[in-house]
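Visitor: If it helps, the file is called data.cif and holds mmCIF, C-alpha atoms:
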data_query
loop_
_atom_site.label_atom_id
_atom_site.label_comp_id
_atom_site.auth_asym_id
_atom_site.auth_seq_id
_atom_site.Cartn_x
_atom_site.Cartn_y
_atom_site.Cartn_z
CA MET Z 14 1.28 21.18 -98.24
CA ALA Z 15 -0.36 23.62 -95.83
CA ILE Z 16 -3.29 23.29 -93.44
CA ARG Z 17 -5.76 26.13 -93.33
CA GLY Z 18 -6.62 26.96 -89.73
CA PRO Z 19 -9.16 29.31 -88.15
CA ALA Z 20 -9.64 32.74 -89.71
CA GLY Z 21 -8.07 31.45 -92.90
CA VAL Z 22 -4.53 31.28 -91.43
CA SER Z 23 -2.38 28.83 -93.38
CA ILE Z 24 0.01 26.62 -91.36
CA SER Z 25 2.71 24.63 -93.18
CA ASN Z 26 3.97 21.20 -92.15
CA THR Z 27 7.24 22.84 -91.13
CA GLY Z 28 5.39 25.25 -88.89
CA ILE Z 29 3.50 22.41 -87.21
CA LEU Z 30 6.76 20.56 -86.59
CA LEU Z 31 8.38 23.63 -85.05
CA MET Z 32 5.38 24.16 -82.78
CA CYS Z 33 5.57 20.53 -81.56
CA VAL Z 34 9.30 20.86 -80.84
CA CYS Z 35 8.72 24.06 -78.85
CA VAL Z 36 5.93 22.46 -76.80
CA LEU Z 37 8.13 19.44 -76.05
CA MET Z 38 11.06 21.62 -74.96
CA LEU Z 39 8.77 23.69 -72.73
CA PHE Z 40 7.44 20.51 -71.12
CA VAL Z 41 10.92 19.13 -70.39
CA TYR Z 42 12.14 22.43 -68.97
CA THR Z 43 9.04 22.91 -66.80
CA PHE Z 44 8.91 19.44 -65.33
CA ARG Z 45 12.60 18.54 -65.10
CA GLY Z 46 12.76 19.10 -61.33
CA SER Z 47 9.68 17.03 -60.55
CA LEU Z 48 10.82 14.22 -62.84
CA GLN Z 49 14.16 14.13 -61.07
CA GLU Z 50 12.48 14.10 -57.65
CA SER Z 51 10.23 11.18 -58.58
CA THR Z 52 12.82 9.06 -60.36
CA GLY Z 53 15.98 10.15 -58.53
CA THR Z 54 18.01 9.10 -61.57
CA MET Z 55 18.81 11.85 -64.02
CA TYR Z 56 22.41 11.80 -65.16
CA GLY Z 57 24.37 13.08 -68.09
CA SER Z 58 26.75 11.93 -70.75
CA LYS Z 59 30.44 12.44 -71.33
CA TYR Z 60 29.50 15.49 -73.40
CA ASP Z 61 28.07 17.34 -70.37
CA ARG Z 62 30.24 20.27 -69.39
CA SER Z 63 28.46 21.61 -66.32
CA TYR Z 64 26.92 20.21 -63.14
CA LYS Z 65 25.03 21.50 -60.10
CA VAL Z 66 26.52 21.20 -56.62
CA SER Z 67 23.16 20.07 -55.21
CA GLU Z 68 23.24 17.05 -57.53
CA VAL Z 69 26.88 16.17 -56.84
CA LEU Z 70 26.32 16.52 -53.08
CA SER Z 71 23.16 14.40 -53.20
CA ALA Z 72 25.04 11.69 -55.08
CA ALA Z 73 27.89 11.93 -52.55
CA ILE Z 74 25.51 11.33 -49.64
CA HIS Z 75 23.85 8.33 -51.29
CA LEU Z 76 27.14 6.79 -52.42
CA SER Z 77 28.90 7.33 -49.06
CA GLU Z 78 26.05 5.64 -47.22
CA LYS Z 79 25.99 2.74 -49.68
CA ALA Z 80 29.76 2.30 -49.45
CA GLY Z 81 29.61 2.56 -45.67
CA ARG Z 82 27.14 -0.31 -45.45
CA LEU Z 83 29.49 -2.52 -47.45
CA VAL Z 84 32.51 -1.48 -45.35
CA LYS Z 85 30.63 -2.52 -42.22
CA ASP Z 86 29.46 -5.82 -43.72
CA ILE Z 87 33.00 -6.76 -44.75
CA ARG Z 88 34.33 -6.05 -41.25
CA ASP Z 89 31.46 -7.90 -39.58
CA GLN Z 90 32.10 -10.94 -41.78
CA ASP Z 91 35.91 -10.85 -41.25
CA ALA Z 92 36.36 -10.74 -45.03
CA LEU Z 93 39.11 -8.10 -45.03
CA ASP Z 94 41.66 -9.91 -47.26
CA GLU Z 95 44.28 -7.54 -45.82
CA GLN Z 96 47.35 -6.49 -47.83
CA SER Z 97 50.02 -3.85 -47.23
CA LYS Z 98 50.73 -0.76 -49.31
CA GLY Z 99 54.02 -0.28 -47.44
CA GLU Z 100 54.78 2.05 -44.55
CA THR Z 101 53.78 5.63 -43.83
CA LYS Z 102 56.33 8.39 -43.34
CA GLU Z 103 56.12 7.64 -39.62
CA GLY Z 104 57.06 4.00 -40.26
CA VAL Z 105 53.56 2.62 -39.59
CA ASN Z 106 52.10 -0.16 -41.75
CA ASP Z 107 49.63 1.19 -44.32
CA PRO Z 108 47.12 -1.62 -44.93
CA LEU Z 109 44.72 -2.14 -47.81
CA THR Z 110 41.58 -4.21 -47.33
CA GLU Z 111 38.63 -5.48 -49.33
CA GLY Z 112 36.64 -2.77 -47.55
CA ASP Z 113 38.85 -0.07 -49.11
CA LEU Z 114 38.55 -1.55 -52.60
CA GLN Z 115 34.82 -2.25 -52.55
CA SER Z 116 34.06 1.20 -51.14
CA HIS Z 117 36.30 2.77 -53.80
CA ARG Z 118 34.42 0.93 -56.55
CA ILE Z 119 31.02 2.09 -55.30
CA LEU Z 120 32.09 5.71 -54.97
CA VAL Z 121 34.21 6.09 -58.10
CA LYS Z 122 31.94 4.13 -60.42
CA GLY Z 123 28.87 5.92 -59.09
CA PHE Z 124 30.34 9.38 -59.58
CA LYS Z 125 31.72 8.54 -63.01
CA LYS Z 126 28.39 7.08 -64.14
CA ALA Z 127 26.45 10.16 -63.03
CA PHE Z 128 29.06 12.82 -63.89
CA PRO Z 129 31.34 11.51 -66.66
CA ALA Z 130 33.17 14.81 -67.19
CA LEU Z 131 33.89 15.37 -63.48
CA ASN Z 132 37.43 15.54 -62.08
CA LEU Z 133 37.68 12.78 -59.47
CA VAL Z 134 40.52 11.94 -57.07
CA SER Z 135 40.42 8.86 -54.83
CA GLU Z 136 42.91 7.43 -52.35
CA GLU Z 137 42.77 4.13 -54.22
CA HIS Z 138 43.62 3.92 -57.90
CA GLU Z 139 41.83 0.91 -59.31
CA GLU Z 140 40.21 1.64 -62.69
CA GLU Z 141 37.13 -0.27 -63.84
CA SER Z 142 34.40 0.16 -66.42
CA VAL Z 143 31.11 1.77 -65.39
CA GLU Z 144 29.23 -0.44 -67.84
CA GLY Z 145 26.09 -1.74 -66.15
CA VAL Z 146 26.54 0.45 -63.06
CA THR Z 147 23.32 1.86 -61.59
CA PRO Z 148 23.77 5.63 -61.19
CA PRO Z 149 23.15 7.22 -57.79
CA SER Z 150 20.16 9.42 -57.14
CA LEU Z 151 20.92 13.08 -57.79
CA PHE Z 152 18.10 14.15 -55.48
CA HIS Z 153 18.20 14.23 -51.68
CA PRO Z 154 15.28 15.79 -49.81
CA ASP Z 155 17.45 17.23 -47.04
CA VAL Z 156 19.73 18.91 -49.58
CA GLN Z 157 16.68 20.45 -51.25
CA LYS Z 158 15.54 21.85 -47.89
CA VAL Z 159 18.69 23.97 -47.52
CA LEU Z 160 19.02 24.92 -51.19
CA LYS Z 161 19.29 28.68 -51.79
CA PHE Z 162 20.91 29.00 -55.22
CA ASP Z 163 22.31 26.35 -57.49
CA PRO Z 164 23.84 27.54 -60.73
CA ALA Z 165 25.40 25.07 -63.13
CA ILE Z 166 29.18 25.03 -62.75
CA ALA Z 167 31.67 24.08 -65.45
CA ALA Z 168 32.80 20.48 -64.96
CA GLU Z 169 36.44 21.52 -65.34
CA ASP Z 170 36.09 23.69 -62.21
CA ILE Z 171 34.74 20.88 -60.01
CA THR Z 172 36.86 18.28 -58.24
CA VAL Z 173 35.46 15.48 -56.10
CA TRP Z 174 37.84 14.02 -53.50
CA VAL Z 175 37.05 10.54 -52.22
CA ASP Z 176 38.43 8.65 -49.23
CA PRO Z 177 36.77 5.23 -49.49
CA LEU Z 178 37.84 4.14 -46.00
CA ASP Z 179 39.57 6.49 -43.58
CA ALA Z 180 41.38 4.82 -40.65
CA THR Z 181 42.09 1.52 -42.42
CA LYS Z 182 44.66 0.45 -39.80
CA GLU Z 183 42.09 0.93 -37.04
CA TYR Z 184 39.53 -0.90 -39.21
CA THR Z 185 41.78 -3.97 -39.25
CA GLU Z 186 42.19 -3.70 -35.45
CA ARG Z 187 38.42 -3.45 -34.84
CA LEU Z 188 38.75 0.14 -33.61
CA THR Z 189 35.74 0.85 -35.76
CA GLN Z 190 34.65 4.03 -33.96
CA TYR Z 191 37.36 5.85 -35.97
CA VAL Z 192 36.29 4.58 -39.41
CA THR Z 193 34.66 6.95 -41.90
CA VAL Z 194 33.83 7.13 -45.60
CA MET Z 195 34.31 10.62 -47.04
CA ALA Z 196 33.53 12.61 -50.18
CA CYS Z 197 34.14 16.28 -50.86
CA VAL Z 198 33.14 18.72 -53.61
CA ALA Z 199 35.62 21.49 -54.40
CA VAL Z 200 35.02 24.31 -56.87
CA LYS Z 201 38.14 25.99 -58.26
CA GLY Z 202 40.11 24.43 -55.41
CA VAL Z 203 37.78 25.63 -52.63
CA PRO Z 204 35.84 22.98 -50.66
CA VAL Z 205 32.13 23.82 -50.84
CA ALA Z 206 30.44 20.59 -49.72
CA GLY Z 207 31.56 17.61 -47.68
CA VAL Z 208 30.20 14.27 -46.49
CA ILE Z 209 31.57 12.22 -43.58
CA ARG Z 210 29.84 8.88 -43.07
CA LYS Z 211 30.43 6.88 -39.86
CA PRO Z 212 29.24 3.42 -40.88
CA PHE Z 213 29.59 1.77 -37.49
CA ASP Z 214 27.58 4.53 -35.77
CA ASP Z 215 25.07 4.76 -38.65
CA LYS Z 216 25.55 8.54 -38.84
CA THR Z 217 26.06 10.83 -41.81
CA TYR Z 218 27.42 14.36 -41.43
CA TRP Z 219 27.26 16.68 -44.43
CA ALA Z 220 27.42 20.41 -45.06
CA TRP Z 221 27.14 22.78 -47.99
CA VAL Z 222 28.86 26.14 -47.54
CA GLY Z 223 26.40 29.03 -47.76
CA HIS Z 224 23.39 26.73 -47.65
CA GLY Z 225 23.12 24.45 -44.63
CA THR Z 226 23.97 21.16 -42.98
CA SER Z 227 22.60 17.75 -42.12
CA ASP Z 228 20.41 17.48 -39.03
CA SER Z 229 23.24 15.50 -37.41
CA LEU Z 230 25.35 18.68 -37.31
CA HIS Z 231 22.69 20.88 -35.73
CA ASP Z 232 23.64 22.09 -32.23
CA LEU Z 233 27.04 20.37 -32.42
CA HIS Z 234 29.10 23.49 -33.00
CA GLY Z 235 31.79 23.58 -30.33
CA SER Z 236 32.36 27.31 -29.89
CA GLN Z 237 33.64 27.53 -26.29
CA GLU Z 238 37.09 26.39 -25.26
CA HIS Z 239 37.65 24.16 -22.25
CA GLU Z 240 39.50 25.13 -19.07
CA ALA Z 241 42.26 22.70 -20.03
CA LEU Z 242 43.07 22.80 -23.72
CA GLU Z 243 41.79 19.66 -25.46
CA VAL Z 244 43.94 18.65 -28.43
CA ILE Z 245 43.26 15.65 -30.67
CA VAL Z 246 46.05 14.11 -32.75
CA SER Z 247 46.85 10.97 -34.72
CA LEU Z 248 47.56 7.81 -32.74
CA SER Z 249 50.73 7.28 -34.77
CA HIS Z 250 52.51 10.38 -33.46
CA LYS Z 251 50.75 11.32 -30.24
CA GLY Z 252 53.98 11.67 -28.25
CA GLU Z 253 55.65 13.97 -30.77
CA VAL Z 254 52.68 16.34 -30.95
CA GLU Z 255 52.19 16.21 -27.19
CA ASP Z 256 55.70 17.61 -26.68
CA VAL Z 257 55.00 20.42 -29.18
CA ALA Z 258 51.60 21.25 -27.66
CA GLN Z 259 52.89 21.30 -24.08
CA LYS Z 260 55.63 23.70 -25.15
CA ALA Z 261 53.25 25.85 -27.21
CA PHE Z 262 50.60 26.40 -24.52
CA ALA Z 263 52.56 26.31 -21.27
CA PRO Z 264 51.73 27.01 -18.51
CA ARG Z 265 48.15 26.12 -19.50
CA GLU Z 266 47.14 22.52 -18.88
CA VAL Z 267 46.90 20.52 -22.10
CA HIS Z 268 45.10 17.21 -22.61
CA ILE Z 269 46.19 15.20 -25.65
CA THR Z 270 43.85 12.61 -27.18
CA GLY Z 271 45.19 10.14 -29.73
CA ALA Z 272 42.67 8.95 -32.32
CA GLY Z 273 42.54 7.35 -35.75
CA GLY Z 274 41.07 8.90 -38.87
CA ALA Z 275 41.05 12.53 -39.97
CA GLY Z 276 37.27 12.46 -40.43
CA TYR Z 277 36.72 11.26 -36.87
CA LYS Z 278 39.03 13.92 -35.43
CA THR Z 279 37.33 16.72 -37.35
CA ILE Z 280 33.90 15.68 -36.08
CA GLU Z 281 35.23 15.68 -32.50
CA VAL Z 282 36.24 19.34 -32.97
CA VAL Z 283 32.85 20.14 -34.49
CA LYS Z 284 31.10 18.49 -31.53
CA GLY Z 285 33.15 20.56 -29.07
CA THR Z 286 34.74 17.51 -27.48
CA GLU Z 287 38.13 18.84 -28.64
CA ASP Z 288 39.39 22.40 -29.07
CA VAL Z 289 42.05 21.70 -31.68
CA TYR Z 290 42.84 18.99 -34.21
CA VAL Z 291 46.49 19.19 -35.15
CA HIS Z 292 48.64 17.16 -37.54
CA THR Z 293 52.31 18.13 -37.81
CA THR Z 294 53.40 15.98 -40.76
CA LEU Z 295 52.32 15.29 -44.36
CA ILE Z 296 48.66 14.43 -44.86
CA LYS Z 297 46.74 13.66 -48.07
CA LYS Z 298 43.97 15.93 -49.32
CA TRP Z 299 41.37 13.16 -49.60
CA ASP Z 300 41.73 12.79 -45.81
CA ILE Z 301 40.90 16.41 -45.05
CA CYS Z 302 38.76 17.95 -47.80
CA ALA Z 303 35.36 16.85 -46.45
CA GLY Z 304 36.19 18.05 -42.95
CA ASP Z 305 37.41 21.36 -44.36
CA ALA Z 306 34.09 21.91 -46.15
CA ILE Z 307 32.06 21.05 -43.04
CA LEU Z 308 34.11 23.40 -40.85
CA ARG Z 309 33.74 26.25 -43.34
CA ALA Z 310 29.97 25.74 -43.46
CA ILE Z 311 29.52 26.04 -39.68
CA GLY Z 312 32.01 28.80 -38.90
CA GLY Z 313 35.12 26.76 -38.13
CA THR Z 314 38.54 27.01 -39.76
CA GLN Z 315 41.07 24.59 -41.20
CA THR Z 316 44.47 25.61 -42.59
CA ASP Z 317 47.96 24.24 -42.75
CA LEU Z 318 50.25 25.18 -39.85
CA LEU Z 319 51.60 28.12 -41.85
CA GLY Z 320 48.11 29.61 -42.05
CA ASN Z 321 47.47 28.83 -45.72
CA ASP Z 322 44.13 27.66 -47.01
CA ILE Z 323 44.52 24.29 -48.74
CA ASN Z 324 43.88 24.18 -52.49
CA TYR Z 325 41.94 21.10 -53.60
CA SER Z 326 42.26 21.51 -57.37
CA HIS Z 327 42.65 18.15 -59.09
CA ASN Z 328 45.78 19.13 -61.00
CA LEU Z 329 47.83 19.94 -57.87
CA ASP Z 330 49.83 17.60 -55.65
CA PRO Z 331 47.45 15.55 -53.45
CA LYS Z 332 49.94 15.83 -50.58
CA ASN Z 333 49.59 18.62 -48.01
CA GLU Z 334 53.14 19.06 -46.75
CA HIS Z 335 52.80 21.68 -44.00
CA GLY Z 336 50.67 20.01 -41.37
CA LEU Z 337 47.12 20.81 -40.41
CA ILE Z 338 45.14 22.61 -37.74
CA ALA Z 339 41.35 22.60 -37.42
CA THR Z 340 39.38 24.61 -34.87
CA MET Z 341 35.99 26.08 -34.10
CA HIS Z 342 37.42 29.13 -32.29
CA ASP Z 343 40.67 31.09 -31.76
CA HIS Z 344 42.25 29.54 -34.82
CA ASP Z 345 45.15 31.95 -35.34
CA LYS Z 346 46.08 31.94 -31.64
CA TYR Z 347 46.44 28.17 -31.60
CA ARG Z 348 48.07 27.98 -35.03
CA ILE Z 349 50.80 30.53 -34.32
CA ALA Z 350 51.67 28.92 -30.98
CA LEU Z 351 51.90 25.47 -32.55
CA LYS Z 352 53.86 26.69 -35.58
CA ASP Z 353 56.43 28.40 -33.37
CA ALA Z 354 56.75 25.42 -31.05
CA ALA Z 355 57.17 23.07 -34.01
CA LYS Z 356 59.75 25.49 -35.50
CA LEU Z 357 57.99 25.64 -38.85
CA LYS Z 358 58.94 28.41 -41.26
#
Would you kindly transcribe this structure into structure tokens?
Guide:
Amino acid sequence: MAIRGPAGVSISNTGILLMCVCVLMLFVYTFRGSLQESTGTMYGSKYDRSYKVSEVLSAAIHLSEKAGRLVKDIRDQDALDEQSKGETKEGVNDPLTEGDLQSHRILVKGFKKAFPALNLVSEEHEEESVEGVTPPSLFHPDVQKVLKFDPAIAAEDITVWVDPLDATKEYTERLTQYVTVMACVAVKGVPVAGVIRKPFDDKTYWAWVGHGTSDSLHDLHGSQEHEALEVIVSLSHKGEVEDVAQKAFAPREVHITGAGGAGYKTIEVVKGTEDVYVHTTLIKKWDICAGDAILRAIGGTQTDLLGNDINYSHNLDPKNEHGLIATMHDHDKYRIALKDAAKLK
């Protein structure tokens, strides 16, 4: 059957159906962005094979803040239910708390619900169904403000690294200033966006390489070195690194600060409180990916002590074996001096 339209033009039922489909597709394409902004909940299926960094970063901010609130509540209520995962390479107890597990569940379930085809690596390894999980918003107004270009990227090229609770030992000891929740987006092994949430300070630091940063990072870029060199290291091996640093930079005066949490130490370098963050032993990539992305976005540098960029591809070893150095200035000068003093090859 055909319908005769104006000027005697005959339109078949098939033609009408095709026109309706085209109009519907045009509507969805035109208004997709505004629908996402109003609802904040557009997510894909396991058949999706590409995602946008702006959406993954927005989800990372929302999820890190949500997880951070729970981490704080658990500490405030003394509901840690502390266990031990064993000892670190330095012989220090490596605790696991309810804060770690609950934060892990929020982050991992949220990412998997929103981005089912995404490669995801977390410090904790608990696997649970995402059935009934509310997906995170894929829209964040501050991310949209800095957006310059945002092509869809193949899911197989994206890895999200999650540290549900950095500085767990300090968390159990109420040294909560060191505690962070971190998420990082890497594309083909290169960190392009990072989130560091400090739940006990109610601050979120994030950056997207080539685009911009959170307001909390504005005017924090420590670009001038101090008269005495300020070096921040892990509490667990302050003495060892102090000996190396004193030897590396003599006769210059060196001040060594011991602190917990890789995220905390990176932010101290970004703020300019410290000149160098150095770690001379093995460190896991979920501890350092978010800080690496933030440093790259604001002109800083993070490498291993041999000068190599760190590859954050999901199919590589999560251990970084050759130490770490993070700076906002004079990176190679500090790195070479520390490498030689530590006798690394």
Visitor: Which is closer to Trp221 of chain Z than all the others in Z:Asp155, Z:Asp353, Z:Asp322, Z:Glu255, using all atoms listed in the file?
Guide: Z:Asp155
Visitor: What residues come out when you apply the PyMOL selection byres ((chain Z and resi 127) around 7) to this file, written as a list in words?
Guide: Tyr56, Gly57, Gly123, Phe124, Lys125, Lys126, Phe128, Pro129, Pro148 and Pro149 of chain Z
Visitor: Expand the PyMOL selection byres ((chain Z and resi 194-201) around 6) into the explicit residue set it covers here, and present it as a PyMOL selection string.
Guide: chain Z and resi 170-178+193+202-210+302-303
Visitor: Excluding same-chain residues fewer than 6 positions from Ala339 of chain Z, what lies within 8 Å of it counting all atoms listed in the file, as a PDB file with C-alpha atoms, in the frame of the given file?
Guide:
ATOM      1  CA  THR Z 279      37.330  16.720 -37.350  1.00  0.00           C
ATOM      2  CA  VAL Z 282      36.240  19.340 -32.970  1.00  0.00           C
ATOM      3  CA  VAL Z 289      42.050  21.700 -31.680  1.00  0.00           C
ATOM      4  CA  TYR Z 290      42.840  18.990 -34.210  1.00  0.00           C
ATOM      5  CA  VAL Z 291      46.490  19.190 -35.150  1.00  0.00           C
ATOM      6  CA  GLY Z 313      35.120  26.760 -38.130  1.00  0.00           C
ATOM      7  CA  THR Z 314      38.540  27.010 -39.760  1.00  0.00           C
ATOM      8  CA  GLN Z 315      41.070  24.590 -41.200  1.00  0.00           C
ATOM      9  CA  THR Z 316      44.470  25.610 -42.590  1.00  0.00           C
TER      10      THR Z 316
END
Visitor: Can you tell me how far atom CA of Asn321 of chain Z sits from atom CA of Glu281 of chain Z, in Å to one decimal?
Guide: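 These atoms are spaced 22.3 Å apart.
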Visitor: Would you work out the distance separating atom CA of Ala272 of chain Z from atom CA of Asp94 of chain Z, expressed in Å to one decimal?
Guide: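 Taking atom CA of Ala272 of chain Z and atom CA of Asp94 of chain Z, their separation equals 24.1 Å.
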Visitor: For the PyMOL selection byres ((chain Z and resi 258-267) around 9), applied here, can you spell out every residue it catches as a list in words?
Guide: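 When the PyMOL selection byres ((chain Z and resi 258-267) around 9) is applied, the selected residues are Glu240, Ala241, Leu242, Glu243, Val244, Glu253, Val254, Glu255, Asp256, Val257, His268, Ile269, Tyr347, Ile349, Ala350, Leu351, Lys352, Asp353, Ala354 and Ala355 of chain Z.
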Visitor: Check the smallest atom-to-atom distance from each of Z:Glu139, Z:Glu334, Z:Asp179, Z:Asp107 to Val84 of chain Z using all atoms listed in the file, then report the winner.
Guide: Z:Asp179
Visitor: Output: segment 155-175 of chain Z of the preceding structure, restricted to N, CA and C atoms, written as a compact mmCIF listing (two decimals), in the first residue's frame.
Guide:
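And here's selection.txt as it stands now:
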# COMPACT_ATOMS: atom_id res chain seq x y z
N ASP Z 155 33.05 20.22 35.86
CA ASP Z 155 34.42 20.76 35.82
C ASP Z 155 35.26 20.09 34.73
N VAL Z 156 34.98 18.81 34.47
CA VAL Z 156 35.66 18.13 33.36
C VAL Z 156 35.22 18.75 32.04
N GLN Z 157 33.94 19.05 31.90
CA GLN Z 157 33.45 19.65 30.67
C GLN Z 157 34.07 21.03 30.42
N LYS Z 158 34.38 21.75 31.48
CA LYS Z 158 34.97 23.08 31.34
C LYS Z 158 36.35 23.04 30.68
N VAL Z 159 37.11 21.97 30.93
CA VAL Z 159 38.47 21.90 30.39
C VAL Z 159 38.55 21.09 29.10
N LEU Z 160 37.43 20.51 28.69
CA LEU Z 160 37.40 19.62 27.53
C LEU Z 160 37.81 20.35 26.25
N LYS Z 161 38.77 19.76 25.52
CA LYS Z 161 39.21 20.33 24.24
C LYS Z 161 38.90 19.39 23.08
N PHE Z 162 39.15 18.13 23.25
CA PHE Z 162 38.86 17.12 22.23
C PHE Z 162 38.65 15.81 22.98
N ASP Z 163 37.79 14.97 22.47
CA ASP Z 163 37.41 13.79 23.23
C ASP Z 163 36.98 12.64 22.33
N PRO Z 164 37.91 12.14 21.53
CA PRO Z 164 37.53 11.05 20.63
C PRO Z 164 37.26 9.76 21.40
N ALA Z 165 36.44 8.92 20.85
CA ALA Z 165 36.22 7.59 21.43
C ALA Z 165 37.49 6.77 21.25
N ILE Z 166 37.87 6.04 22.29
CA ILE Z 166 39.09 5.24 22.30
C ILE Z 166 38.72 3.78 22.50
N ALA Z 167 39.36 2.91 21.76
CA ALA Z 167 39.08 1.48 21.86
C ALA Z 167 39.25 1.01 23.30
N ALA Z 168 38.27 0.26 23.80
CA ALA Z 168 38.30 -0.21 25.19
C ALA Z 168 39.57 -1.01 25.48
N GLU Z 169 40.05 -1.75 24.51
CA GLU Z 169 41.23 -2.58 24.73
C GLU Z 169 42.49 -1.74 24.97
N ASP Z 170 42.45 -0.45 24.60
CA ASP Z 170 43.61 0.43 24.79
C ASP Z 170 43.56 1.19 26.11
N ILE Z 171 42.46 1.06 26.85
CA ILE Z 171 42.29 1.81 28.09
C ILE Z 171 42.45 0.89 29.29
N THR Z 172 43.23 1.33 30.26
CA THR Z 172 43.35 0.63 31.54
C THR Z 172 43.07 1.61 32.67
N VAL Z 173 42.21 1.22 33.59
CA VAL Z 173 41.98 2.01 34.79
C VAL Z 173 42.66 1.32 35.97
N TRP Z 174 43.52 2.07 36.67
CA TRP Z 174 44.20 1.57 37.85
C TRP Z 174 43.53 2.17 39.08
N VAL Z 175 43.24 1.33 40.06
CA VAL Z 175 42.50 1.76 41.25
C VAL Z 175 43.29 1.39 42.51
